[in-house]
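Input: a single structure, listed below in structure tokens.
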Amino acid sequence: MSQVRVRAASPEDVPAILEIYAKAVSKGLASWEYDPPDQSEMMRRFEAIRGAGYPYLVAEIDGRVVGYSYASAYRTRPGYRYCVENSVYVSTGAQRSGAGRALLSALVEACARAGYRQMVAVIGDSGNAASIRLHRALGFTFCGTIHGIGWKHGRWLDSVLMQKSLGEGDNTPPV
């Protein structure tokens, strides 16, 4: 079995990132967009995340990008500035390869090093057992389910919230 390698994403990775995301939008429930963005919009989003100082990572197997993850602001109000939300996407062919675990683990570590204290997962659809299982395996705790909050593919969807403390979490004031 080939090894998963996680590294910082670069602008050259955006076409592969878009290919993974477009399939998730078109066929999946992790994203509630209806139509995949075009490459210029995906580049704009990539640059906005990186420009705000958040980590953006890709996973490779045999030199091919098979997944990506990034952190972003959980909420924009200043009181939330020590909390990030994670996003993790893995191509269909690379699911169960360890890429998702490697990406989320590296993202958690990067965010902890950057001084963030909490990470929130907003998981699309309560039926997304793989994502819930992944987050639980990496120490996220269940916070709740918002029932019927979204509509996609002809049905109502739940949103599952999970959370993980980073670094000293809420045990000490931020620096």
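In the structure tokens, chains take letters A, B, ... by order of appearance, with residues numbered from 1 within each chain and ligands from 1 in the order shown.
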
Which residues are close to region 138-146 of chain A, i.e. within 12 Å by only C-alpha atoms, leaving aside same-chain residues fewer than 2 positions away? Reply as a ChimeraX atom specification. /A:86,100-109,118-127,131-136,148-150,156-166

Write a file of the just-selected residues containing N, CA and C atoms, as a tab-separated table (two decimals), in the first residue's frame.
chain	number	residue	atom	x	y	z
A	86	ASN	N	-13.05	23.22	10.58
A	86	ASN	CA	-12.26	22.42	9.64
A	86	ASN	C	-13.10	21.97	8.46
A	100	GLY	N	-7.81	10.93	4.83
A	100	GLY	CA	-8.63	11.81	5.66
A	100	GLY	C	-8.06	11.95	7.06
A	101	ARG	N	-7.64	10.85	7.65
A	101	ARG	CA	-7.05	10.87	9.00
A	101	ARG	C	-5.75	11.68	8.99
A	102	ALA	N	-4.92	11.47	7.98
A	102	ALA	CA	-3.65	12.20	7.89
A	102	ALA	C	-3.90	13.70	7.73
A	103	LEU	N	-4.86	14.06	6.88
A	103	LEU	CA	-5.17	15.47	6.67
A	103	LEU	C	-5.71	16.14	7.92
A	104	LEU	N	-6.68	15.49	8.57
A	104	LEU	CA	-7.28	16.10	9.76
A	104	LEU	C	-6.27	16.16	10.91
A	105	SER	N	-5.47	15.13	11.08
A	105	SER	CA	-4.44	15.14	12.13
A	105	SER	C	-3.46	16.29	11.92
A	106	ALA	N	-2.99	16.44	10.69
A	106	ALA	CA	-2.04	17.52	10.39
A	106	ALA	C	-2.69	18.89	10.56
A	107	LEU	N	-3.96	19.00	10.20
A	107	LEU	CA	-4.66	20.28	10.35
A	107	LEU	C	-4.82	20.63	11.83
A	108	VAL	N	-5.20	19.66	12.65
A	108	VAL	CA	-5.33	19.89	14.09
A	108	VAL	C	-3.99	20.38	14.66
A	109	GLU	N	-2.91	19.70	14.29
A	109	GLU	CA	-1.58	20.09	14.79
A	109	GLU	C	-1.20	21.50	14.34
A	118	GLN	N	-9.84	26.01	19.87
A	118	GLN	CA	-10.95	25.09	19.61
A	118	GLN	C	-11.07	24.88	18.11
A	119	MET	N	-11.47	23.66	17.75
A	119	MET	CA	-11.77	23.37	16.35
A	119	MET	C	-13.17	22.78	16.30
A	120	VAL	N	-13.97	23.28	15.39
A	120	VAL	CA	-15.34	22.84	15.23
A	120	VAL	C	-15.48	22.15	13.87
A	121	ALA	N	-16.16	21.03	13.87
A	121	ALA	CA	-16.52	20.34	12.64
A	121	ALA	C	-18.02	20.52	12.43
A	122	VAL	N	-18.38	21.04	11.27
A	122	VAL	CA	-19.78	21.18	10.89
A	122	VAL	C	-19.98	20.15	9.77
A	123	ILE	N	-20.50	19.00	10.15
A	123	ILE	CA	-20.58	17.86	9.24
A	123	ILE	C	-21.93	17.85	8.53
A	124	GLY	N	-21.87	17.87	7.21
A	124	GLY	CA	-23.09	17.84	6.41
A	124	GLY	C	-23.73	16.46	6.45
A	125	ASP	N	-24.91	16.40	6.97
A	125	ASP	CA	-25.76	15.22	7.03
A	125	ASP	C	-25.39	14.27	8.17
A	126	SER	N	-26.34	13.98	8.99
A	126	SER	CA	-26.12	13.06	10.12
A	126	SER	C	-25.86	11.64	9.64
A	127	GLY	N	-26.12	11.36	8.37
A	127	GLY	CA	-25.82	10.04	7.81
A	127	GLY	C	-24.37	9.92	7.33
A	131	SER	N	-17.34	10.57	8.19
A	131	SER	CA	-16.80	11.81	8.73
A	131	SER	C	-16.98	11.86	10.24
A	132	ILE	N	-18.12	11.45	10.71
A	132	ILE	CA	-18.36	11.43	12.16
A	132	ILE	C	-17.37	10.49	12.84
A	133	ARG	N	-17.16	9.32	12.26
A	133	ARG	CA	-16.22	8.34	12.81
A	133	ARG	C	-14.79	8.90	12.81
A	134	LEU	N	-14.39	9.54	11.72
A	134	LEU	CA	-13.05	10.13	11.63
A	134	LEU	C	-12.85	11.17	12.73
A	135	HIS	N	-13.79	12.09	12.86
A	135	HIS	CA	-13.65	13.14	13.87
A	135	HIS	C	-13.63	12.54	15.27
A	136	ARG	N	-14.48	11.59	15.54
A	136	ARG	CA	-14.50	10.94	16.86
A	136	ARG	C	-13.16	10.26	17.14
A	148	GLY	N	-32.80	18.94	9.93
A	148	GLY	CA	-33.50	19.49	8.77
A	148	GLY	C	-33.10	20.91	8.42
A	149	ILE	N	-31.84	21.27	8.57
A	149	ILE	CA	-31.39	22.64	8.38
A	149	ILE	C	-31.05	22.96	6.92
A	150	GLY	N	-30.81	21.92	6.11
A	150	GLY	CA	-30.43	22.15	4.71
A	150	GLY	C	-31.24	21.29	3.76
A	156	TRP	N	-34.32	16.90	3.04
A	156	TRP	CA	-33.82	17.71	4.15
A	156	TRP	C	-32.62	17.03	4.77
A	157	LEU	N	-31.65	17.85	5.17
A	157	LEU	CA	-30.41	17.35	5.74
A	157	LEU	C	-30.16	17.93	7.12
A	158	ASP	N	-29.53	17.11	7.94
A	158	ASP	CA	-29.10	17.56	9.27
A	158	ASP	C	-27.68	18.08	9.18
A	159	SER	N	-27.29	18.82	10.18
A	159	SER	CA	-25.91	19.26	10.34
A	159	SER	C	-25.45	18.79	11.71
A	160	VAL	N	-24.33	18.07	11.75
A	160	VAL	CA	-23.79	17.54	12.99
A	160	VAL	C	-22.63	18.43	13.42
A	161	LEU	N	-22.63	18.84	14.67
A	161	LEU	CA	-21.56	19.67	15.22
A	161	LEU	C	-20.70	18.83	16.15
A	162	MET	N	-19.39	18.92	15.95
A	162	MET	CA	-18.42	18.25	16.81
A	162	MET	C	-17.32	19.25	17.12
A	163	GLN	N	-16.61	19.03	18.23
A	163	GLN	CA	-15.63	20.01	18.70
A	163	GLN	C	-14.43	19.31	19.31
A	164	LYS	N	-13.27	19.94	19.16
A	164	LYS	CA	-12.04	19.44	19.77
A	164	LYS	C	-11.27	20.62	20.35
A	165	SER	N	-10.83	20.47	21.60
A	165	SER	CA	-9.95	21.48	22.21
A	165	SER	C	-8.56	21.34	21.61
A	166	LEU	N	-7.92	22.47	21.39
A	166	LEU	CA	-6.56	22.50	20.87
A	166	LEU	C	-5.65	23.13	21.93

Extract the full set of helix (DSSP H, G or I) residues from region 7-155 of chain A according to DSSP on the backbone, and format it as a PyMOL selection string. chain A and resi 11-27+39-51+78-80+92-94+99-113+129-137

Taking the backbone alone, and naming residues the way the document does, which bits of chain A are strand (DSSP E) by DSSP, as a ChimeraX atom specification? /A:4-8,56-61,64-73,83-90,118-124,141-152,155-165

With C-alpha atoms retained, could you export that selection as a PDB file, in the first residue's frame?
ATOM      1  CA  VAL A   4      -0.038   9.156   2.313  1.00  0.00           C
ATOM      2  CA  ARG A   5       2.027  12.350   2.284  1.00  0.00           C
ATOM      3  CA  VAL A   6       0.537  15.594   3.650  1.00  0.00           C
ATOM      4  CA  ARG A   7       1.984  18.950   2.690  1.00  0.00           C
ATOM      5  CA  ALA A   8       1.000  22.602   2.406  1.00  0.00           C
ATOM      6  CA  TYR A  56      -4.499  24.672   3.764  1.00  0.00           C
ATOM      7  CA  LEU A  57      -3.145  21.154   3.180  1.00  0.00           C
ATOM      8  CA  VAL A  58      -3.216  18.460   0.515  1.00  0.00           C
ATOM      9  CA  ALA A  59      -2.686  14.710   0.783  1.00  0.00           C
ATOM     10  CA  GLU A  60      -0.806  12.874  -1.936  1.00  0.00           C
ATOM     11  CA  ILE A  61      -0.518   9.202  -2.740  1.00  0.00           C
ATOM     12  CA  ARG A  64      -1.178  12.518  -6.914  1.00  0.00           C
ATOM     13  CA  VAL A  65      -3.381  14.870  -4.848  1.00  0.00           C
ATOM     14  CA  VAL A  66      -6.155  12.711  -3.357  1.00  0.00           C
ATOM     15  CA  GLY A  67      -7.543  15.025  -0.698  1.00  0.00           C
ATOM     16  CA  TYR A  68      -7.320  18.392   0.964  1.00  0.00           C
ATOM     17  CA  SER A  69      -8.153  20.116   4.224  1.00  0.00           C
ATOM     18  CA  TYR A  70      -8.172  23.631   5.525  1.00  0.00           C
ATOM     19  CA  ALA A  71      -9.164  25.667   8.542  1.00  0.00           C
ATOM     20  CA  SER A  72     -11.213  28.832   8.420  1.00  0.00           C
ATOM     21  CA  ALA A  73     -12.970  31.167  10.792  1.00  0.00           C
ATOM     22  CA  CYS A  83     -11.807  28.959  17.179  1.00  0.00           C
ATOM     23  CA  VAL A  84     -11.528  27.473  13.698  1.00  0.00           C
ATOM     24  CA  GLU A  85     -13.783  25.302  11.581  1.00  0.00           C
ATOM     25  CA  ASN A  86     -12.261  22.420   9.636  1.00  0.00           C
ATOM     26  CA  SER A  87     -13.010  21.164   6.150  1.00  0.00           C
ATOM     27  CA  VAL A  88     -11.725  17.823   4.839  1.00  0.00           C
ATOM     28  CA  TYR A  89     -12.401  16.323   1.401  1.00  0.00           C
ATOM     29  CA  VAL A  90     -10.989  13.076   0.006  1.00  0.00           C
ATOM     30  CA  GLN A 118     -10.952  25.092  19.613  1.00  0.00           C
ATOM     31  CA  MET A 119     -11.773  23.366  16.349  1.00  0.00           C
ATOM     32  CA  VAL A 120     -15.343  22.836  15.226  1.00  0.00           C
ATOM     33  CA  ALA A 121     -16.522  20.338  12.641  1.00  0.00           C
ATOM     34  CA  VAL A 122     -19.782  21.180  10.890  1.00  0.00           C
ATOM     35  CA  ILE A 123     -20.583  17.857   9.235  1.00  0.00           C
ATOM     36  CA  GLY A 124     -23.088  17.842   6.405  1.00  0.00           C
ATOM     37  CA  THR A 141     -16.771  15.232  20.835  1.00  0.00           C
ATOM     38  CA  PHE A 142     -20.370  15.372  19.714  1.00  0.00           C
ATOM     39  CA  CYS A 143     -22.028  18.736  20.416  1.00  0.00           C
ATOM     40  CA  GLY A 144     -25.372  18.316  18.739  1.00  0.00           C
ATOM     41  CA  THR A 145     -27.430  17.919  15.606  1.00  0.00           C
ATOM     42  CA  ILE A 146     -29.338  20.673  13.877  1.00  0.00           C
ATOM     43  CA  HIS A 147     -32.172  18.755  12.248  1.00  0.00           C
ATOM     44  CA  GLY A 148     -33.501  19.492   8.773  1.00  0.00           C
ATOM     45  CA  ILE A 149     -31.391  22.644   8.377  1.00  0.00           C
ATOM     46  CA  GLY A 150     -30.434  22.148   4.715  1.00  0.00           C
ATOM     47  CA  TRP A 151     -32.028  20.984   1.466  1.00  0.00           C
ATOM     48  CA  LYS A 152     -30.103  19.128  -1.221  1.00  0.00           C
ATOM     49  CA  ARG A 155     -34.301  15.924   0.849  1.00  0.00           C
ATOM     50  CA  TRP A 156     -33.823  17.714   4.150  1.00  0.00           C
ATOM     51  CA  LEU A 157     -30.409  17.350   5.739  1.00  0.00           C
ATOM     52  CA  ASP A 158     -29.101  17.555   9.268  1.00  0.00           C
ATOM     53  CA  SER A 159     -25.911  19.257  10.338  1.00  0.00           C
ATOM     54  CA  VAL A 160     -23.790  17.544  12.995  1.00  0.00           C
ATOM     55  CA  LEU A 161     -21.564  19.671  15.221  1.00  0.00           C
ATOM     56  CA  MET A 162     -18.423  18.247  16.807  1.00  0.00           C
ATOM     57  CA  GLN A 163     -15.633  20.009  18.700  1.00  0.00           C
ATOM     58  CA  LYS A 164     -12.038  19.443  19.771  1.00  0.00           C
ATOM     59  CA  SER A 165      -9.951  21.479  22.207  1.00  0.00           C
TER      60      SER A 165
END

Name the closest residue to Gly28 (chain A) among the candidates A:Gly169, A:Tyr116, A:Asn128, A:Ala110; distances are taken between atoms, counting only C-alpha atoms. A:Asn128

Quick one: residues within 9 Å of region 38-47 of chain A, only C-alpha atoms counted, chain neighbours fewer than 3 positions away excluded, as a PyMOL selection string? chain A and resi 10-11+14-15+17-18+22+50-52+56

Dump of N, CA and C atoms for the selected residues, as a CSV table (one decimal), in the first residue's frame:
chain,number,residue,atom,x,y,z
A,10,SER,N,-0.5,24.4,-2.6
A,10,SER,CA,0.0,25.5,-3.4
A,10,SER,C,-1.0,25.8,-4.5
A,11,PRO,N,-0.9,27.0,-5.1
A,11,PRO,CA,-1.8,27.4,-6.2
A,11,PRO,C,-1.9,26.3,-7.3
A,14,VAL,N,-4.7,23.7,-7.0
A,14,VAL,CA,-6.1,24.1,-7.1
A,14,VAL,C,-6.9,23.3,-8.2
A,15,PRO,N,-6.4,23.0,-9.3
A,15,PRO,CA,-7.2,22.1,-10.3
A,15,PRO,C,-7.5,20.8,-9.6
A,17,ILE,N,-7.7,20.1,-6.4
A,17,ILE,CA,-8.7,20.4,-5.3
A,17,ILE,C,-10.1,20.6,-5.9
A,18,LEU,N,-10.2,21.3,-7.0
A,18,LEU,CA,-11.5,21.6,-7.6
A,18,LEU,C,-12.1,20.3,-8.1
A,22,ALA,N,-15.6,19.3,-6.8
A,22,ALA,CA,-16.7,19.3,-7.7
A,22,ALA,C,-17.5,18.0,-7.6
A,50,ARG,N,-5.7,31.1,2.5
A,50,ARG,CA,-4.3,31.3,2.8
A,50,ARG,C,-4.0,32.7,3.2
A,51,GLY,N,-4.6,33.7,2.5
A,51,GLY,CA,-4.3,35.1,2.8
A,51,GLY,C,-4.7,35.5,4.3
A,52,ALA,N,-5.7,34.8,4.8
A,52,ALA,CA,-6.1,35.0,6.2
A,52,ALA,C,-5.2,34.3,7.2
A,56,TYR,N,-3.8,25.3,4.9
A,56,TYR,CA,-4.5,24.7,3.8
A,56,TYR,C,-3.6,23.6,3.3

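One finds CA of Tyr82 (chain A) at 13.0 Å from CA of Asn171 (chain A).
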